[in-house]
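Encoded as structure tokens, the structure appears first; notes follow it.
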4 protein chains.
Amino acid sequence: MDLGIGVIGAGVMGAEHARILRRAVSGAHLAGVCDRDPARAAAAAGDAPVFSDPLALIAAPEVAAVVIASPDETHAEYALACLAAGKPALLEKPMAHRAAEALRIVEAEAAGGRRLVQLGFMRRYDAAYGELKAVLGSGRIGRATVLHNVHRNVSVPDWFSGPMAITNSFSHEIDISRWLLGAEITSAQVFPAGDRGLLMVTMRTDGGQVVSTEVNINAGYGYHVHAQIVGEQGTVEMAPPGLALTNAAGAHGFDFPADWIPRFAQAYRDQMQGWVDGMAAGRLGGATAWDGYVTVAVAEQIAASLRDCQPVEIALPPRPEFYR
Amino acid sequence: MDLGIGVIGAGVMGAEHARILRRAVSGAHLAGVCDRDPARAAAAAGDAPVFSDPLALIAAPEVAAVVIASPDETHAEYALACLAAGKPALLEKPMAHRAAEALRIVEAEAAGGRRLVQLGFMRRYDAAYGELKAVLGSGRIGRATVLHNVHRNVSVPDWFSGPMAITNSFSHEIDISRWLLGAEITSAQVFPAGDRGLLMVTMRTDGGQVVSTEVNINAGYGYHVHAQIVGEQGTVEMAPPGLALTNAAGAHGFDFPADWIPRFAQAYRDQMQGWVDGMAAGRLGGATAWDGYVTVAVAEQIAASLRDCQPVEIALPPRPEFYR
Amino acid sequence: MDLGIGVIGAGVMGAEHARILRRAVSGAHLAGVCDRDPARAAAAAGDAPVFSDPLALIAAPEVAAVVIASPDETHAEYALACLAAGKPALLEKPMAHRAAEALRIVEAEAAGGRRLVQLGFMRRYDAAYGELKAVLGSGRIGRATVLHNVHRNVSVPDWFSGPMAITNSFSHEIDISRWLLGAEITSAQVFPAGDRGLLMVTMRTDGGQVVSTEVNINAGYGYHVHAQIVGEQGTVEMAPPGLALTNAAGAHGFDFPADWIPRFAQAYRDQMQGWVDGMAAGRLGGATAWDGYVTVAVAEQIAASLRDCQPVEIALPPRPEFYR
Amino acid sequence: MDLGIGVIGAGVMGAEHARILRRAVSGAHLAGVCDRDPARAAAAAGDAPVFSDPLALIAAPEVAAVVIASPDETHAEYALACLAAGKPALLEKPMAHRAAEALRIVEAEAAGGRRLVQLGFMRRYDAAYGELKAVLGSGRIGRATVLHNVHRNVSVPDWFSGPMAITNSFSHEIDISRWLLGAEITSAQVFPAGDRGLLMVTMRTDGGQVVSTEVNINAGYGYHVHAQIVGEQGTVEMAPPGLALTNAAGAHGFDFPADWIPRFAQAYRDQMQGWVDGMAAGRLGGATAWDGYVTVAVAEQIAASLRDCQPVEIALPPRPEFYR
């Protein structure tokens with residue numbers, strides 16, 4: 001069996017997904033690419049057909065499943081169309097622009113009674129995060145009490161306003177923290193630091209844990225993601241992210257990448273292979289629609305707290321039976 | 001010139017100070033030891049005279065300066081006695097049991113018009129902390145915005161109650177954070193995590209910085225102190241605290257010490273040498289009485305907030321002219 | 001295009017190659033497995049056909065290319081059969097049991113005028129080795145002068161005699177050293193150390209470099225491969241091979257794997273994808289038949305020197321025009 | 001008791017020894033400095049008297065012990081003078097210019113029947129080397145089989161000819177290897193690499209061990225000393241020599257010093273304190289005259305082998321009874 005997969009959106013991420021489907025995944029092939037810009041779609045498509053209408057791509061019989069990597073505000077519409085068509089979708093985060101919109105996807109999927117949506121939280125496929133979860137699961141460090149996250153970007157453009165640091169950057173930590181700890185976020189508080197947009201975010205979970213995250217959108221020196229779990233008997237953290245160490249020009253060390261693509265290149269490939277394998281096995285892994293909704297909802301409530309930086313109790317509807 | 005120095009208290013720290021004065025410092029010698037337990041005093045004193053009355057030791061003509069390492073509740077009394085005698089004192093932290101008491105030392109020293117008190121915050125003499133401060137001072141990482149501290153003890157006895165995690169352990173972070181950042185603490189909030197006494201403490205400074213500290217009194221695996229300064233252009237942090245790395249029994253790494261003494265052994269020696277050199281030069285370095293007072297006052301106010309874990313605005317009197 | 005690939009040999013490595021072809025490679029599928037043990041072949045084959053005769057598998061029309069992972073002494077025969085059939089072969093090392101035999105493959109391929117053989121020196125596809133070569137190629141550390149290799153296995157069975165440490169383990173270093181340095185081995189000398197089979201091997205290259213390798217077949221603590229290139233202006237080496245670092249039970253560090261499979265799992269996958277991509281592009285990468293021959297020839301001459309551990313000048317025929 | 005110590009030679013090392021005696025050692029004081037350049041002597045002496053004649057300094061009643069840090073060719077003469085005067089001497093390496101000369105010191109000391117000479121091999125007082133020896137001694141890595149040494153200098157002046165790389169730089173590895181392994185060197189072979197003076201030196205010991213050393217006098221990037229002991233059950237090596245790690249300007253790491261003084265500053269202080277303590281206890285530690293002689297003799301024989309780089313069997317007289 002070799003699944004035909006269509007990709008909506010041929011920007012940086014969509015083009016990378018298309019490339020992976022053409023060159024680096026087993027059991028699937030690229031069945032079509034759609035983008036507002038036909039040249040960009042064609043460049044990403046290789047030999048695969050190009051679509052100008054996303055809904056036509058979703059409907060195409062040769063398209064068995066869809067990767068949605070179009071602009072954020074369109075994610076919900078295409079996800080709902082995939083659900084209506086009964087086709088699995090791998091949805092780039094954020095799931096939707098607003099929590100209310102994301103909830104409609106959850107409700108539609110639950111109503112359909114079949115899991116079709118996987119969120120593109122690729123960190124769940126990152127080998128280093130996987131090791132952290134495995135060590136925690138092994139019991140070697142005892143039960144988790146604190147999770148320290150660091151999320152640093154070199155710099156952001158001016159239009160990347162304060163709330164986007166939460167809804168865009170920090171949404172990765174919301175998802176990965178829930179996944180690592182197997183716990184739900186119950187409250188949060190933001191502490192701005194300095195005057196270049198750095199936010200320290202402290203969250204509590206229903207497991208009594210504290211998640212402390214440095215969201216640093218103007219770190220200056222490079223793209224750098226780090227995490228450390230503190231357990232009752234020990235800790236586990238990512239090793240420094242360098243494969244090779246140089247001694248040169250008076251210094252020892254390694255270089256940081258300028259953005260997330262080199263850091264998570266293998267995670268994107270493994271995510272795609274995992275999604276394809278999951279569809280073949282009839283058992284999707286990765287982040288669910290509920291995970292996607294919770295991330296949007298938590299981010300939305302924390303972003304709203306930026307006005308006064310007061311503590312915020314996170315309000316979420318009960319987890320639907322379908323996602324238990 | 002070879003200064004005669006007396007030591008009050010011959011417990012773990014007092015005995016170590018006496019040993020350093022006998023064996024590992026230039027320009028000074030041990031001139032006497034006083035302890036409630038005469039055998040303990042004699043063991044620490046070597047060839048030096050033993051005193052049974054701390055005030056007699058302070059008054060003795062062969063004692064030019066005093067190390068106060070007696071039980072915490074006596075620090076203030078002996079410090080005031082040294083001030084009255086016009087003799088320099090190196091005072092183990094905490095400066096006093098209550099901020100009000102500490103303030104009396106500040107006032108007495110300021111009234112005397114001569115700096116005589118140095119607080120035993122030995123981390124200021126630790127080479128790794130020194131490197132952090134030097135890198136920050138060099139401008140290489142830009143202005144500091146966040147300081148991440150980790151303070152982990154293997155475990156604590158039952159009587160080491162919640163507030164002591166703040167007034168005892170965390171007092172080191174209060175002092176070293178102020179010293180590293182050259183800033184004053186303005187507010188704080190405590191987030192308890194898990195059920196073994198771990199506290200995440202978030203403080204703000206008058207420089208707009210956030211200081212985030214994991215105070216982990218039951219870390220399980222070893223004694224471990226870490227700090228990382230996040231600047232606008234980069235970061236600087238302590239290297240992993242192992243001199244030698246083993247590959248053995250399936251694993252790579254190094255061992256942690258069980259307590260702070262091996263970790264800070266050299267800092268204690270360098271503190272003593274620095275204090276002796278400072279006295280000889282007529283220019284004491286290290287933490288002042290004001291620093292000691294502020295640490296007690298900040299710790300007291302944060303410890304009081306443990307009842308409800310609400311944010312607390314730190315209240316301090318204006319810094320006296322004498323300490324500017 | 002989707003290449004059908006047959007696998008000869010379903011031992012540890014053959015089964016892993018078959019698994020990769022079934023589950024983790026793009027542009028190819030598993031077209032058959034052959035093994036003396038039919039049950040083992042069937043287990044590795046999944047849905048693909050099982051062959052009992054290697055030559056039948058090579059001849060099968062649905063088999064476009066062949067992975068040879070059968071016992072070492074059969075490699076040459078099957079490689080020659082692939083060449084006769086005009087089908088590409090990925091050949092597990094060693095290329096042949098004796099250099100003379102390996103040379104026949106070289107001659108046969110050169111006579112055919114088309115490159116069909118790739119040696120399974122998977123380290124060339126390892127990301128860490130790739131970084132070393134990239135840094136050297138960048139000029140950042142100047143021209144290479146020394147290469148330090150470390151090759152440690154936990155332990156070997158009794159039948160793994162002294163010469164096998166050279167012809168089996170060390171053959172990886174022969175290949176990767178030539179590849180990293182872009183130079184040919186000209187002489188070698190072995191220094192045995194201790195009494196558990198450890199060999200220090202010093203080789204010189206035609207580029208004036210020294211390659212120093214610790215071949216440690218009973219390292220005790222784990223499987224560990226390391227390399228450092230010393231250049232005229234600096235050095236580059238592999239980072240410690242741990243993705244996640246733990247602090248637990250008094251120690252900091254990470255665990256070593258028990259053998260090479262976890263360490264090089266990704267390299268095996270990338271090698272297979274690289275081979276498939278190379279066939280599709282009509283431009284094979286990786287180690288050539290000539291590289292395979294040289295490795296066998298150098299190893300044979302060094303192994304012969306083990307009797308007296310005298311220096312040995314390496315004798316090689318001129319590199320055929322075809323491989324320049 | 002407070003020993004008066006004279007220093008002969010006020011160059012870089014002599015001035016540092018004088019400074020340590022004035023400011024950083026317990027139980028001793030600087031009793032005089034002698035140098036051909038009176039201004040240099042005065043600068044190093046502080047308040048201590050200045051001598052113009054080394055023999056007068058050795059004879060002076062206020063000088064109880066002597067540090068010999070004068071030009072290499074004078075070491076033997078002043079050491080013999082100290083022995084004649086019955087005064088302890090801390091002798092900078094090399095012990096003498098020629099082995100024959102060094103042997104006379106050994107014979108004179110043995111004839112006197114009292115240990116008076118300690119060689120200034122400060123690496124024996126370095127904390128990292130100490131950890132290596134302690135781990136080996138603990139049995140945790142089994143018996144030692146290989147010692148890997150790396151000795152890198154940024155660059156050397158033109159007059160620093162080939163043999164000096166052995167007699168000067170490498171002499172440190174001769175001593176420290178014997179000390180770490182508790183074994184004697186029996187043979188050696190030099191492998192030059194590249195064309196900037198790098199030498200790979202392979203030595204064997206009477207314990208069946210191999211010592212492999214990279215003597216790299218033009219490493220380019222910084223001053224860097226490293227050692228790793230390979231044992232039958234594991235390995236132990238120095239941690240990377242950085243106290244603080246920066247992330248800045250795209251890279252992670254730490255800076256190397258330009259020469260050995262920052263790297264071994266603490267070892268020089270601990271050596272002096274250890275020497276003073278040893279004299280006070282009547283039990284000198286550190287490297288003996290015999291160690292100093294062996295180092296000169298081994299270096300001399302290896303340096304002679306540089307003409308043809310053939311293996312050399314090390315010839316040493318039997319160890320005198322006095323040094324067993």
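To be explicit about the labels: the chains of the structure tokens are called A, B, and onward in the order shown, and within each one the residues are counted from 1, while ligands get numbers from 1 in the order they are shown.
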**Request:** Give me, as a list of chain:residue names, the contact residues of chain B against chain D at a cut-off of 8 Å, counting only C-alpha atoms.
**Result:** B:Arg22, B:Arg23, B:Ala24, B:Val25, B:Ser26, B:Gly27, B:Ala127, B:Ala128, B:Glu131, B:Leu132, B:Arg140, B:Ile141, B:Gln233, B:Gly234, B:Thr235, B:Val236, B:Glu237, B:Met238, B:Ala239, B:Gly242, B:Leu243, B:Ala244, B:Leu245, B:Thr246, B:Asn247, B:Ala248, B:Ala249, B:Gln273
**Request:** Write out as a PyMOL selection string all residues of region 34-260 of chain A that backbone DSSP assigns to strand (DSSP E or B).
**Result:** chain A and resi 34+50-51+65-68+89-91+117-119+144-152+185-193+198-205+210-216+224-231+234-238+244-248+251-255
**Message:** Residues within 6 Å of region 210-214 of chain A, please, as an MDAnalysis selection string. Count only C-alpha atoms; anything in the same chain fewer than 4 positions from it doesn't count.
**Reply:** (chainID A and resid 146:150 200:204) or (chainID B and resid 193)
**Request:** Please provide the set of residues having any atom within 10 Å of Thr186 (chain A), restricted to only C-alpha atoms, with same-chain residues fewer than 5 positions apart removed, written as a list in words.
**Result:** Met203, Arg204, Thr205, Asp206, Gly207, Gly208, Val298, Val312, Glu313, Ile314, Ala315 and Leu316 of chain A
Export, as a PDB file, in the first residue's frame, the selected residues with N, CA, C and O atoms.
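Written out: part_4.pdb:
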ATOM      1  N   MET A 203       3.850  27.917  34.769  1.00  0.00           N
ATOM      2  CA  MET A 203       2.549  27.239  34.729  1.00  0.00           C
ATOM      3  C   MET A 203       2.524  26.166  35.818  1.00  0.00           C
ATOM      4  O   MET A 203       3.563  25.622  36.191  1.00  0.00           O
ATOM      5  N   ARG A 204       1.329  25.870  36.300  1.00  0.00           N
ATOM      6  CA  ARG A 204       1.143  24.739  37.203  1.00  0.00           C
ATOM      7  C   ARG A 204       0.292  23.687  36.492  1.00  0.00           C
ATOM      8  O   ARG A 204      -0.503  24.008  35.621  1.00  0.00           O
ATOM      9  N   THR A 205       0.460  22.440  36.903  1.00  0.00           N
ATOM     10  CA  THR A 205      -0.329  21.364  36.294  1.00  0.00           C
ATOM     11  C   THR A 205      -1.223  20.698  37.333  1.00  0.00           C
ATOM     12  O   THR A 205      -1.037  20.891  38.541  1.00  0.00           O
ATOM     13  N   ASP A 206      -2.135  19.895  36.833  1.00  0.00           N
ATOM     14  CA  ASP A 206      -3.000  19.154  37.758  1.00  0.00           C
ATOM     15  C   ASP A 206      -2.246  18.017  38.447  1.00  0.00           C
ATOM     16  O   ASP A 206      -2.804  17.318  39.299  1.00  0.00           O
ATOM     17  N   GLY A 207      -0.981  17.838  38.100  1.00  0.00           N
ATOM     18  CA  GLY A 207      -0.147  16.857  38.795  1.00  0.00           C
ATOM     19  C   GLY A 207       0.724  17.509  39.853  1.00  0.00           C
ATOM     20  O   GLY A 207       1.638  16.872  40.383  1.00  0.00           O
ATOM     21  N   GLY A 208       0.463  18.796  40.153  1.00  0.00           N
ATOM     22  CA  GLY A 208       1.235  19.480  41.184  1.00  0.00           C
ATOM     23  C   GLY A 208       2.604  19.927  40.704  1.00  0.00           C
ATOM     24  O   GLY A 208       3.449  20.347  41.480  1.00  0.00           O
ATOM     25  N   VAL A 298      -5.152  27.279  25.870  1.00  0.00           N
ATOM     26  CA  VAL A 298      -4.224  27.716  26.922  1.00  0.00           C
ATOM     27  C   VAL A 298      -3.446  28.942  26.451  1.00  0.00           C
ATOM     28  O   VAL A 298      -3.301  29.926  27.183  1.00  0.00           O
ATOM     29  N   VAL A 312      -3.366  33.639  35.937  1.00  0.00           N
ATOM     30  CA  VAL A 312      -4.606  33.272  35.261  1.00  0.00           C
ATOM     31  C   VAL A 312      -4.886  31.784  35.519  1.00  0.00           C
ATOM     32  O   VAL A 312      -4.007  30.945  35.382  1.00  0.00           O
ATOM     33  N   GLU A 313      -6.139  31.535  35.946  1.00  0.00           N
ATOM     34  CA  GLU A 313      -6.571  30.143  36.084  1.00  0.00           C
ATOM     35  C   GLU A 313      -7.037  29.685  34.706  1.00  0.00           C
ATOM     36  O   GLU A 313      -7.871  30.333  34.076  1.00  0.00           O
ATOM     37  N   ILE A 314      -6.533  28.576  34.230  1.00  0.00           N
ATOM     38  CA  ILE A 314      -6.890  28.108  32.894  1.00  0.00           C
ATOM     39  C   ILE A 314      -8.256  27.419  32.938  1.00  0.00           C
ATOM     40  O   ILE A 314      -8.482  26.530  33.765  1.00  0.00           O
ATOM     41  N   ALA A 315      -9.128  27.860  32.054  1.00  0.00           N
ATOM     42  CA  ALA A 315     -10.462  27.246  31.978  1.00  0.00           C
ATOM     43  C   ALA A 315     -10.557  26.399  30.718  1.00  0.00           C
ATOM     44  O   ALA A 315     -10.310  26.893  29.609  1.00  0.00           O
ATOM     45  N   LEU A 316     -10.896  25.135  30.888  1.00  0.00           N
ATOM     46  CA  LEU A 316     -11.050  24.231  29.742  1.00  0.00           C
ATOM     47  C   LEU A 316     -12.343  23.450  29.929  1.00  0.00           C
ATOM     48  O   LEU A 316     -12.712  23.132  31.056  1.00  0.00           O
TER      49      LEU A 316
END
**Message:** If DSSP is run on the backbone, what residues of region 37-251 of chain B are helix (DSSP H, G or I)? A reply as number ranges by chain would be ideal.
**Reply:** B: 38-45, 54-59, 72-85, 99-112, 122-125, 127-138, 162-181
**Asked** Do you know which residues are at most 12 Å from Arg283 (chain A) counting only C-alpha atoms, after dropping those on the same chain fewer than 2 positions away, and could you put them as JSON, numbers by chain?
**Response** {"A": [88, 114, 115, 116, 117, 118, 274, 275, 276, 277, 278, 279, 280, 281, 285, 286, 288]}
**Prompt:** What lies within 7 Å of Gly194 (chain B) using only C-alpha atoms, ignoring chain neighbours under 4 positions off, as JSON, numbers by chain?
**Reply:** {"A": [145, 208, 209], "B": [198]}
Prev. selection, all heavy atoms, output as a CSV table (one decimal), in the first residue's frame:
chain,number,residue,atom,x,y,z
A,145,THR,N,8.6,16.8,39.1
A,145,THR,CA,8.1,17.9,39.9
A,145,THR,C,8.2,19.3,39.2
A,145,THR,O,7.4,20.1,39.3
A,145,THR,CB,8.8,18.0,41.3
A,145,THR,OG1,10.2,18.0,41.1
A,145,THR,CG2,8.4,16.8,42.1
A,208,GLY,N,0.5,18.8,40.2
A,208,GLY,CA,1.2,19.5,41.2
A,208,GLY,C,2.6,19.9,40.7
A,208,GLY,O,3.4,20.3,41.5
A,209,GLN,N,2.8,19.8,39.4
A,209,GLN,CA,4.1,20.2,38.9
A,209,GLN,C,4.2,21.7,38.5
A,209,GLN,O,3.1,22.3,38.2
A,209,GLN,CB,4.5,19.4,37.6
A,209,GLN,CG,4.6,17.9,37.9
A,209,GLN,CD,3.7,17.1,37.1
A,209,GLN,OE1,2.8,17.5,36.5
A,209,GLN,NE2,4.1,15.8,37.0
B,198,LEU,N,10.1,21.3,47.2
B,198,LEU,CA,10.7,22.1,46.2
B,198,LEU,C,9.9,23.4,46.0
B,198,LEU,O,8.7,23.4,45.9
B,198,LEU,CB,10.7,21.3,44.8
B,198,LEU,CG,11.6,21.8,43.7
B,198,LEU,CD1,12.1,20.7,42.8
B,198,LEU,CD2,11.0,22.9,42.9
